[in-house]
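Right, one structure below, let's go through it.
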4 protein chains.
Amino acid sequence: MENKIKCAVLGATGMVGQVFLSMLANHPWFELTRVIASDKRGGQNVAASTAWLLPQPMPTEVAALNFNKYAVDQLKESGVQIIFSALPADIAREAEAELRDAGFWVFSNAGAFRHEENVPILIPEVNPEALRLIETQGFPQRGFIVTNSNCTTAGLAVALAPLRQFSIQKLFVSTYQAISGAGYPGLSALDIMGNAIPFINGEEEKIIRECRKILGIEADIFPACVRIPVKFGHLESVWIEFEHDVSNEDILNAWAKFGNDQPPLPTAPQRPVLYQTEEKFPQPKQAFEGRPPGMQVFTGRLRKQHKLTGFFLLANNIVRGAAGGSIINAEVFIQNYQRQES
Amino acid sequence: MENKIKCAVLGATGMVGQVFLSMLANHPWFELTRVIASDKRGGQNVAASTAWLLPQPMPTEVAALNFNKYAVDQLKESGVQIIFSALPADIAREAEAELRDAGFWVFSNAGAFRHEENVPILIPEVNPEALRLIETQGFPQRGFIVTNSNCTTAGLAVALAPLRQFSIQKLFVSTYQAISGAGYPGLSALDIMGNAIPFINGEEEKIIRECRKILGIEADIFPACVRIPVKFGHLESVWIEFEHDVSNEDILNAWAKFGNDQPPLPTAPQRPVLYQTEEKFPQPKQAFEGRPPGMQVFTGRLRKQHKLTGFFLLANNIVRGAAGGSIINAEVFIQNYQRQES
Amino acid sequence: MENKIKCAVLGATGMVGQVFLSMLANHPWFELTRVIASDKRGGQNVAASTAWLLPQPMPTEVAALNFNKYAVDQLKESGVQIIFSALPADIAREAEAELRDAGFWVFSNAGAFRHEENVPILIPEVNPEALRLIETQGFPQRGFIVTNSNCTTAGLAVALAPLRQFSIQKLFVSTYQAISGAGYPGLSALDIMGNAIPFINGEEEKIIRECRKILGIEADIFPACVRIPVKFGHLESVWIEFEHDVSNEDILNAWAKFGNDQPPLPTAPQRPVLYQTEEKFPQPKQAFEGRPPGMQVFTGRLRKQHKLTGFFLLANNIVRGAAGGSIINAEVFIQNYQRQES
Amino acid sequence: MENKIKCAVLGATGMVGQVFLSMLANHPWFELTRVIASDKRGGQNVAASTAWLLPQPMPTEVAALNFNKYAVDQLKESGVQIIFSALPADIAREAEAELRDAGFWVFSNAGAFRHEENVPILIPEVNPEALRLIETQGFPQRGFIVTNSNCTTAGLAVALAPLRQFSIQKLFVSTYQAISGAGYPGLSALDIMGNAIPFINGEEEKIIRECRKILGIEADIFPACVRIPVKFGHLESVWIEFEHDVSNEDILNAWAKFGNDQPPLPTAPQRPVLYQTEEKFPQPKQAFEGRPPGMQVFTGRLRKQHKLTGFFLLANNIVRGAAGGSIINAEVFIQNYQRQES
């Protein structure tokens, strides 16, 4: 792409914001033009004023940038077209609406608009057709908002998508969630070190609601969400009751074929679901494995019991389940609406 | 009890062995007479030659003891009647059979004999009638073996026992298991620190088999076992499909009444299942809470979804799920067969 | 003691406040009468509104209490004589002065008054004579403030006290500090899990200043303070240059004799410094060992190199280094000023 | 380099062996030809039979290789010239001598030969002249052994090298060492999780002995080595007494200039010592930062007290302190003895 599309990150200082910066630093299609943080950070250098939280070092391209204050007119003037939002839900409610009205293409990790009828919760491999909802928001005459799912739902929806063909009746999912999902500073070390906490506010409701909207299924969903002392990567234990008996071979084939027919995107894994045969896997320590790192969903320990199917999955909560989810959404939008024009 | 019954601990140097020593140090009915370890430790002082693994300090009564080698005739001569076994399954197979044949009352944490027809997997609050199987082993003319359940099953069986009245059809259980369950040295810190491992060899099979034998239910059981970086306390996420609709109130009442009618034992909690109303609980850090510490099973986050019932439970894996389980078994045996005689 | 002395705890909801509550629950001399917290907690039940942070369960006596708001006149009316303060330094500055002026005997863990000339930083085994400074504050006509040391200094001062006889010239101390020292919520799990942070604000200055005031030494002190992912117990690596050559035997004898001649106090360990011969000790996991738990200072790995003496020490930062330090101070005050009168 | 030099890794399955594989996968000068492991692994695929322990995924080039058994003649036939050894010390003693005698250039992480008079402990930035010792071993007519230092010494020696000009009199170093330094499986999670262990067998002696040999100094050294629950990266607290007063500015200048005049090597950082001004750094979580990752030594918190100089340093124990150390040694050898010839 000769001319990169200018983009801005909102809420750039938090955990998800940092993943946006990291993934956009050398993006082939997008140019990171503005890094928006709270007013008090305006003008400060990113490297100097950020507590960097990711396992990979801050890219030098990012380190050289300065934070900007939030100002719609300045964003316009700077030529920014795409907004990546890592804002908290309450702030997102107002800011993202304002930005959409101002004509920006907003790709948001916030939950504020996820359940508006004309706003998609988009996962390109799972529900690409949902992208069209932006037209009901007034695109191309007007801006739009596209959201990615909650971090726990993202990996689950990717792993389940190719299994919809078998008609999912009941879905049991118990999670083993990394503390990075709670942002920074997030959990007190005194609470979580050497411990586990079987409650994450609103998370179980999100899994139910978002799985249904994204996957378009009516299944009964039984979630149980637990925080464990792991930094990155959500592990999930899944049992599914399908309409009919489904063999493990069918499941493995469905996962293996999944995503093969999709046109390539910079942030899309060639195989969105990778089954691991080694019985001790997947494990959270793999959170940043796969290509691209953190976008692949790992499954393992497939087993049958009384006609139900059980397995584990692992997804990187801050990449596939957050910033990477929005970036791939922006890519699929460009692929569908922009590239064909040229 | 005027004259305490002399007992010995086999496999006294491991994690479970240490819990036996700790709980027997000042037991009102039992006198810890022999502490059996591998031959190379014979004669060594317990305090001097043990890497103590429990959060509570080694009792001074234990510290003063010396390890003995395994010798059936010396056990006989010492007046020992009760054997508490923390042996590995393969060694237990031979030694426990030999001890039973020699007339000892063997209470074992090992899995070696759990599925013999005439050997009970006993949890006094759950299946007290199973104790009578010792008569089919030849008691009182001969010795016997009574086992306690696997650590994961123990807490689950206690929490489910009062719910059997509602007829359990399907049981989904995902575990969050402490590393102490793997013994010492057990897991490498490089494997488990900041990670989770979704496989524990043989554990899921044990849950299915032991739950059915202990609870006497035919339910379909769907287990998923995961090791997390926690030292003590197994957390378990449970979903149950009952025959009919069961209200949360019915569940809470069943737990509240459970165990009320049982005669007191030194190691029995007054309330075997304690429901916690605070939504972030139970947590593994409570492993040694309750009275007696580690014997109470904590439940929490009771919720209904599409007629199914979900909750979390926490049980101390090395007390309720291991050594404490065998000690309470010995107590209920004494209560039923010995005390009435006097 | 027939009539227990009524006491109140200020700042009762924090980490140190909880240790005060826990240690005062069944104290033989003191009766916990008032539990003071922020206004918004006034009237709330302690058990119901506290996130309990200690490894031991909340004592039932404590669980039954309600929080009180801070009001000097109500404290007076309730018959409280002793105030134990776990206030933050800035709030302590005002409140403790007010309470002293109102005639209370204030034993404070706060740093606010530690360096006033007439306020002692008291460790009964180390500088008992400093207690007399309360007379220069106007006692017995008026109230007074007695402080305990910073958590890092406490264990160090106890271990060094019997070595002063050898004339300490230079003192090198590198710390391995538990996160509980930073209070609750304290450190973010994302910052400290699997990491170490070589900076604790003001801590190195406190070690220098407090060691000199408490020990009455002029030694050059070279501290280095590091936070590590441990919950309780500060480990410290020490190298000392004495005026002359000192043998390991002399050091061990000094530690063994230390404290032998002191009259017993409820919270005083019989041996304030316990040397451990096993080369892998002391370790933070022992934080709540010893008698009374958490008051004993453990030393180990004594070694000489080029005439300098090296060793490690471990002290419980929230007991010996905080609440327990204030309680033993109150005990030694009662022993010196009150008991002799009766 | 047109023709890459063929190399083999010995002891390829362990922690250090894996770092060798990882760093050699795309090395510009060396071609990883043979991967030697214990006989039972001979012929097995590396990816299939290795428990991968590094935070970065196994390189695909490595995954495709098969393990070879150890056989000197086969190594010869394969055209291998360089041997990288990650063998345990006792096995290294025999195997490395045999390989040297067979004409191989052995770069070893083992301690077996470190203190032979004609074997260098080489750190190219610190004691490049030591490389010449290979001539006293008979090179170029014969093979040779070059060792890298112990993991704790490596970072320390790099940070101290430019400070030798100020004449180091006394050196105090307390370490905060990662568990990966103990290899795999290494420490039991039950021992180290939430704990610290103030003893590492032989480590303090190695620091003294190796610092003196590498740095060529006579300073009195006072080490204290502690294992903490961190996976990668050794943090060290240092206090130095120089012959004369040295300003912080002089220290910073010495570090900044250090290494500037060295010819570039593939694995050499442009700035071997990087001072961090942010007061909470360096931290172990940076272990794989810097360029090349893990080869840079980070320093921070420089401070003066009574004319002594204190600071912290961080070095990656398995890269700079192990495999990376041997690889850079091989590079400097090639640069000095091979490249000039061509």
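Here, A, B, ... name the chains of the structure tokens in the order displayed, residue numbers run from 1 inside each chain, and ligands are numbered from 1 in the same displayed order.
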
| message | Near chain B, meaning an atom within 10 Å, which residues of chain C appear when counting only C-alpha atoms? Write them as a list in words. | response |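 The answer, sorted by residue number, is Ala48, Leu53, Leu54, Pro55, Gln56, Pro57, Met58, Met193, Gly194, Glu278, Lys285, Gln286, Ala287, Phe288, Glu289, Gly290 and Pro293 of chain C.
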
| task | Taking the DSSP assignment computed from this structure's backbone, write out as a PyMOL selection string all residues of region 16-209 of chain C that belong to strand (DSSP E or B). | result | chain C and resi 30-36+45+66+68+82-85+105-108+121+144-147+168-177+188+197

Restricting the output to N, CA, C and O atoms, write the selected residues as a CSV table (one decimal), in the first residue's frame.
chain,number,residue,atom,x,y,z
C,30,PHE,N,-4.4,-6.5,77.4
C,30,PHE,CA,-5.2,-5.4,76.7
C,30,PHE,C,-6.5,-5.9,76.2
C,30,PHE,O,-6.7,-7.0,75.7
C,31,GLU,N,-7.5,-5.0,76.3
C,31,GLU,CA,-8.8,-5.3,75.8
C,31,GLU,C,-9.1,-4.4,74.6
C,31,GLU,O,-9.2,-3.2,74.7
C,32,LEU,N,-9.4,-5.0,73.5
C,32,LEU,CA,-9.7,-4.3,72.2
C,32,LEU,C,-11.1,-3.7,72.3
C,32,LEU,O,-12.1,-4.4,72.2
C,33,THR,N,-11.2,-2.4,72.6
C,33,THR,CA,-12.5,-1.8,72.9
C,33,THR,C,-13.0,-1.0,71.7
C,33,THR,O,-14.2,-1.0,71.4
C,34,ARG,N,-12.2,-0.4,71.0
C,34,ARG,CA,-12.6,0.4,69.8
C,34,ARG,C,-11.7,0.1,68.6
C,34,ARG,O,-10.5,0.0,68.7
C,35,VAL,N,-12.4,0.1,67.5
C,35,VAL,CA,-11.7,-0.2,66.2
C,35,VAL,C,-12.1,0.9,65.3
C,35,VAL,O,-13.2,1.0,64.8
C,36,ILE,N,-11.1,1.8,65.1
C,36,ILE,CA,-11.4,3.1,64.4
C,36,ILE,C,-11.0,3.0,63.0
C,36,ILE,O,-9.9,2.6,62.6
C,45,ASN,N,-19.9,-3.6,60.4
C,45,ASN,CA,-19.3,-4.8,61.1
C,45,ASN,C,-17.9,-5.1,60.5
C,45,ASN,O,-17.7,-5.0,59.3
C,66,ASN,N,-17.7,-3.8,65.6
C,66,ASN,CA,-18.1,-2.8,64.5
C,66,ASN,C,-17.0,-1.7,64.5
C,66,ASN,O,-16.4,-1.4,65.5
C,68,ASN,N,-15.7,2.0,64.5
C,68,ASN,CA,-16.1,3.3,65.0
C,68,ASN,C,-15.4,4.4,64.2
C,68,ASN,O,-14.4,4.3,63.7
C,82,ILE,N,-5.0,3.2,75.9
C,82,ILE,CA,-3.9,3.0,74.9
C,82,ILE,C,-4.5,3.1,73.5
C,82,ILE,O,-5.5,2.5,73.2
C,83,ILE,N,-3.8,3.8,72.7
C,83,ILE,CA,-4.1,3.9,71.3
C,83,ILE,C,-3.0,3.2,70.5
C,83,ILE,O,-1.8,3.5,70.6
C,84,PHE,N,-3.4,2.3,69.6
C,84,PHE,CA,-2.4,1.7,68.7
C,84,PHE,C,-2.7,2.3,67.3
C,84,PHE,O,-3.8,2.2,66.8
C,85,SER,N,-1.7,2.9,66.7
C,85,SER,CA,-2.0,3.7,65.5
C,85,SER,C,-1.3,3.0,64.3
C,85,SER,O,-0.1,2.8,64.3
C,105,TRP,N,-2.1,7.2,75.8
C,105,TRP,CA,-0.8,6.6,75.5
C,105,TRP,C,-0.8,6.1,74.1
C,105,TRP,O,-1.4,5.1,73.8
C,106,VAL,N,-0.1,6.7,73.3
C,106,VAL,CA,-0.1,6.4,71.8
C,106,VAL,C,1.1,5.5,71.4
C,106,VAL,O,2.2,6.0,71.6
C,107,PHE,N,0.8,4.3,70.9
C,107,PHE,CA,1.9,3.5,70.4
C,107,PHE,C,1.7,3.4,68.9
C,107,PHE,O,0.7,2.8,68.4
C,108,SER,N,2.6,4.0,68.2
C,108,SER,CA,2.3,4.2,66.7
C,108,SER,C,3.3,3.5,65.8
C,108,SER,O,4.5,3.4,66.1
C,121,ILE,N,12.0,5.7,69.2
C,121,ILE,CA,11.7,4.6,68.3
C,121,ILE,C,12.1,3.4,69.2
C,121,ILE,O,13.3,3.1,69.3
C,144,PHE,N,1.5,10.5,75.7
C,144,PHE,CA,2.8,10.4,75.0
C,144,PHE,C,2.6,9.6,73.7
C,144,PHE,O,1.6,9.0,73.5
C,145,ILE,N,3.6,9.7,72.9
C,145,ILE,CA,3.7,8.9,71.7
C,145,ILE,C,5.0,8.1,71.7
C,145,ILE,O,6.1,8.6,72.0
C,146,VAL,N,4.9,6.8,71.5
C,146,VAL,CA,6.0,5.9,71.4
C,146,VAL,C,5.9,5.3,70.0
C,146,VAL,O,4.8,4.8,69.6
C,147,THR,N,6.9,5.3,69.2
C,147,THR,CA,6.9,4.7,67.8
C,147,THR,C,7.6,3.4,67.8
C,147,THR,O,8.6,3.2,68.6
C,168,ILE,N,30.5,-1.8,65.5
C,168,ILE,CA,30.2,-1.8,64.0
C,168,ILE,C,30.7,-0.6,63.4
C,168,ILE,O,30.3,0.5,63.7
C,169,GLN,N,31.6,-0.8,62.4
C,169,GLN,CA,32.1,0.3,61.6
C,169,GLN,C,31.4,0.6,60.3
C,169,GLN,O,31.1,1.7,60.0
C,170,LYS,N,31.2,-0.4,59.6
C,170,LYS,CA,30.4,-0.3,58.3
C,170,LYS,C,29.4,-1.4,58.2
C,170,LYS,O,29.7,-2.5,58.6
C,171,LEU,N,28.3,-1.0,57.7
C,171,LEU,CA,27.1,-2.0,57.6
C,171,LEU,C,26.6,-1.9,56.2
C,171,LEU,O,26.1,-0.9,55.7
C,172,PHE,N,26.6,-3.1,55.5
C,172,PHE,CA,26.0,-3.2,54.2
C,172,PHE,C,24.8,-4.1,54.3
C,172,PHE,O,24.9,-5.2,54.8
C,173,VAL,N,23.7,-3.6,53.8
C,173,VAL,CA,22.4,-4.4,53.9
C,173,VAL,C,21.6,-4.2,52.6
C,173,VAL,O,21.3,-3.2,52.2
C,174,SER,N,21.4,-5.4,52.0
C,174,SER,CA,20.6,-5.5,50.8
C,174,SER,C,19.3,-6.2,51.2
C,174,SER,O,19.4,-7.3,51.7
C,175,THR,N,18.2,-5.6,50.8
C,175,THR,CA,16.9,-6.3,51.3
C,175,THR,C,16.2,-7.0,50.2
C,175,THR,O,16.3,-6.7,49.0
C,176,TYR,N,15.4,-7.9,50.6
C,176,TYR,CA,14.5,-8.7,49.8
C,176,TYR,C,13.1,-8.6,50.5
C,176,TYR,O,12.8,-9.4,51.3
C,177,GLN,N,12.4,-7.5,50.1
C,177,GLN,CA,11.2,-7.1,50.9
C,177,GLN,C,9.9,-7.6,50.3
C,177,GLN,O,9.6,-7.6,49.1
C,188,SER,N,0.8,-3.3,42.1
C,188,SER,CA,0.0,-4.0,41.1
C,188,SER,C,0.7,-5.4,40.8
C,188,SER,O,1.9,-5.5,40.7
C,197,ILE,N,11.8,-5.2,42.0
C,197,ILE,CA,11.8,-3.8,41.8
C,197,ILE,C,12.8,-3.2,42.8
C,197,ILE,O,12.6,-3.2,44.0

| request: Step one, run DSSP on the backbone; step two, keep only residues of region 6-164 of chain C assigned to helix (DSSP H, G or I); then write them as a PyMOL selection string. | output: chain C and resi 15-24+39-41+46-49+60-63+72-77+89-101+128-136+151-164

| Exercise: region 255-261 of chain D partners within 7 Å, only C-alpha atoms, chain neighbours under 6 positions left out, as an MDAnalysis selection string | chainID D and resid 125 162 271:273

| query | So which residues touch Phe67 (chain B) within 9 Å, counting only C-alpha atoms, skipping near sequence neighbours fewer than 2 positions away, as a ChimeraX atom specification? | reply | /B:12,34-38,41-46,65,69

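Neighbours of Val297 (chain A) closer than or equal to 10 Å, with only C-alpha atoms counted and sequence neighbours fewer than 4 positions away skipped, come out as Ala154, Gly155, Leu156, Ala157, Val158, Ala159, Pro269, Arg271, Pro272, Val273, Leu274, Tyr275, Pro282, Ala287, Glu289, Gly290, Leu313, Leu314, Ala315, Asn316 and Arg320 of chain A.
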
| field | Spatial neighbours of Ser326 (chain D), 6 Å, only C-alpha atoms, chain gap at least 3 places, as JSON, numbers by chain | value | {"D": [107, 148, 323, 329]}

Write a file of the just-selected residues containing N, CA and C atoms, as an mmCIF file, in the first residue's frame.
data_model
loop_
_atom_site.group_PDB
_atom_site.id
_atom_site.type_symbol
_atom_site.label_atom_id
_atom_site.label_comp_id
_atom_site.auth_asym_id
_atom_site.auth_seq_id
_atom_site.Cartn_x
_atom_site.Cartn_y
_atom_site.Cartn_z
ATOM 1 N N PHE D 107 33.675 -23.952 22.617
ATOM 2 C CA PHE D 107 33.246 -22.795 23.414
ATOM 3 C C PHE D 107 32.224 -23.300 24.412
ATOM 4 N N ASN D 148 32.945 -19.440 28.971
ATOM 5 C CA ASN D 148 32.361 -18.168 29.416
ATOM 6 C C ASN D 148 32.169 -18.267 30.914
ATOM 7 N N ALA D 323 24.680 -19.006 27.167
ATOM 8 C CA ALA D 323 24.853 -19.337 25.752
ATOM 9 C C ALA D 323 25.341 -18.152 24.931
ATOM 10 N N ASN D 329 31.963 -15.233 22.223
ATOM 11 C CA ASN D 329 33.354 -15.677 22.303
ATOM 12 C C ASN D 329 33.799 -16.330 20.990
#
